[in-house]
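One structure is given here, and the rest of the page talks about it.
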Amino acid sequence: MIAVLQASQAVPTTPVELITHATPMTKGVLVVLLVLTIVSWGVMLAKWRELRGAERASRLFADEFTRATRLEQVRTLAKRTPPSPFTRVFGRAADFLHDLRAASRQPGEPAPATAARVPLTSSQVEALRLLLDSEAAAERDRLSRFIPALAMIGSVSPLIGLLGTVLGVIDAFIGIATKGSGNIGAVAPGVAEALVATAAALAVAIPAVFGYNIFAARVNRIDGELEAFGTEIIAMMVREGHI
């Protein structure tokens, strides 16, 4: 009876005991998964803060932009609002117009009073359109930095957990063959310890996949807004006679 009680006490009955009684290979897999979950949550927290700040600054600029009627007003607005993807896209367009005005003046000729005195040709308009698209793509790439890492963690973690489970099951069956016992009481603890790796892998992968989809959708929404913003800049130039 005493031997039976001692054997029952040695059987893991809680998740913590399953981890502490796991094989070294399973523990190694769990350490890898722990590192991945720290990385994924760090990325998610960092991107949440970055995107929240970018969306807040962009919303402030966009609300003021809808009330502006001239490029000079937008230029002043861009200087007094926090930096955002919208202000940087407009800054590239403003620099493009400034460079065109500087290139169109003869040596010693004074600067024109207004930018409307330098109408853009069709090729220059196309160059401006490409410039705006390029800047919007650069902003999208900057905002989406490290987000693909969440997709990689979400797809790789289950495979790592499965590897730990397979190694744990192999070790359990080797132990059964060595000890010569094949009843359910001898098999169940080893299999349960092996399945801890799969459970841990799912706990890592599920938040990472959710985070990737959420942040990717937010970046895509900002990218679409930047494309529409570039069109509005060109439309404003048409109203002022630049085109």
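FYI, nothing fancy with the structure tokens labels: chains A, B, ... in order, residues from 1 per chain, ligands from 1 as they appear.
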
If we count only C-alpha atoms, what is near Leu34 of chain A at a cut-off of 9 Å, once residues fewer than 4 positions away on the same chain are taken out, given as a PyMOL selection string?
-> chain A and resi 29-30+38-39+200+204

Keeping N, CA and C atoms for every residue in the selection just given, could you write it to a file as a PDB file, in the first residue's frame?
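And here is the file that came out, part_21.pdb:
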```
ATOM      1  N   VAL A  29      12.217  22.740 -25.781  1.00  0.00           N
ATOM      2  CA  VAL A  29      11.184  23.275 -26.675  1.00  0.00           C
ATOM      3  C   VAL A  29      10.371  24.350 -25.969  1.00  0.00           C
ATOM      4  N   LEU A  30      10.058  24.124 -24.711  1.00  0.00           N
ATOM      5  CA  LEU A  30       9.288  25.114 -23.943  1.00  0.00           C
ATOM      6  C   LEU A  30      10.069  26.413 -23.769  1.00  0.00           C
ATOM      7  N   ILE A  38       7.646  36.005 -25.764  1.00  0.00           N
ATOM      8  CA  ILE A  38       8.142  37.309 -25.316  1.00  0.00           C
ATOM      9  C   ILE A  38       8.357  38.227 -26.514  1.00  0.00           C
ATOM     10  N   VAL A  39       8.936  37.673 -27.590  1.00  0.00           N
ATOM     11  CA  VAL A  39       9.165  38.478 -28.793  1.00  0.00           C
ATOM     12  C   VAL A  39       7.837  38.929 -29.399  1.00  0.00           C
ATOM     13  N   ALA A 200       1.462  24.727 -25.151  1.00  0.00           N
ATOM     14  CA  ALA A 200       2.245  25.953 -25.056  1.00  0.00           C
ATOM     15  C   ALA A 200       2.413  26.607 -26.423  1.00  0.00           C
ATOM     16  N   VAL A 204       1.174  30.397 -27.779  1.00  0.00           N
ATOM     17  CA  VAL A 204       2.038  31.380 -28.441  1.00  0.00           C
ATOM     18  C   VAL A 204       1.469  31.782 -29.791  1.00  0.00           C
TER      19      VAL A 204
END
```

Can you work out the spacing between atom CA of Arg218 of chain A and atom CA of Val35 of chain A in Å, to one decimal?
-> 26.2 Å

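You can rank A:Met152, A:Ala102, A:Ala62, A:Val74 by their closest distance to Ala205 of chain A using only C-alpha atoms, and at the top of that list sits A:Met152.
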
Which neighbours of Gly161 of chain A fall inside 7 Å, counting only C-alpha atoms, when residues of the same chain fewer than 4 positions from it are skipped, and could you give them as number ranges by chain?
-> A: 29, 157, 165, 197-198, 200-201

Mind dumping the selected residues with C-alpha atoms as a short mmCIF file (atom, residue, chain, number, x, y, z; two decimals), in the first residue's frame?
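New file out-v7.cif:
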```cif
data_model
loop_
_atom_site.label_atom_id
_atom_site.label_comp_id
_atom_site.auth_asym_id
_atom_site.auth_seq_id
_atom_site.Cartn_x
_atom_site.Cartn_y
_atom_site.Cartn_z
CA VAL A 29 11.18 23.27 -26.68
CA SER A 157 5.21 27.88 -33.10
CA THR A 165 5.27 16.51 -28.43
CA ALA A 197 4.55 21.44 -25.67
CA THR A 198 1.60 21.50 -28.09
CA ALA A 200 2.24 25.95 -25.06
CA ALA A 201 2.75 26.33 -28.82
#
```

So, counting only C-alpha atoms, which residue among A:Ala57, A:Ile222, A:Ala22, A:Met44 is closest to Thr81 of chain A?
->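 For Thr81 of chain A, the nearest of the given residues is A:Ala57.
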
Using only C-alpha atoms, determine which residues lie at most 9 Å from Leu97 of chain A, disregarding the query and same-chain residues fewer than 3 positions distant; provide the list as a list in words.
-> Arg92, Ala93, Ala94, Leu100, Arg101, Ala102, Ala115, Val118, Leu120 and Leu128 of chain A

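Comparing A:Arg75, A:Arg221, A:Arg52, A:Lys47 by their smallest distance to Ala149 of chain A, the closest is A:Lys47 (using only C-alpha atoms).
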
To one decimal in Å, tell me the separation between atom CA of Arg145 of chain A and atom CA of Asp63 of chain A.
->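 Taking atom CA of Arg145 of chain A and atom CA of Asp63 of chain A, their separation equals 26.7 Å.
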
Please provide the set of residues having any atom within 12 Å of Gly91 of chain A, restricted to only C-alpha atoms, with same-chain residues fewer than 6 positions apart removed, written as a list of chain:residue names.
->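 The residues that qualify are A:Leu71, A:Glu72, A:Val74, A:Arg75, A:Thr76, A:Leu77, A:Ala78, A:Lys79, A:Pro83, A:Ser84, A:Pro85, A:Leu97, A:His98, A:Leu131, A:Leu132, A:Glu135, A:Ala136, A:Gly230, A:Ile233.
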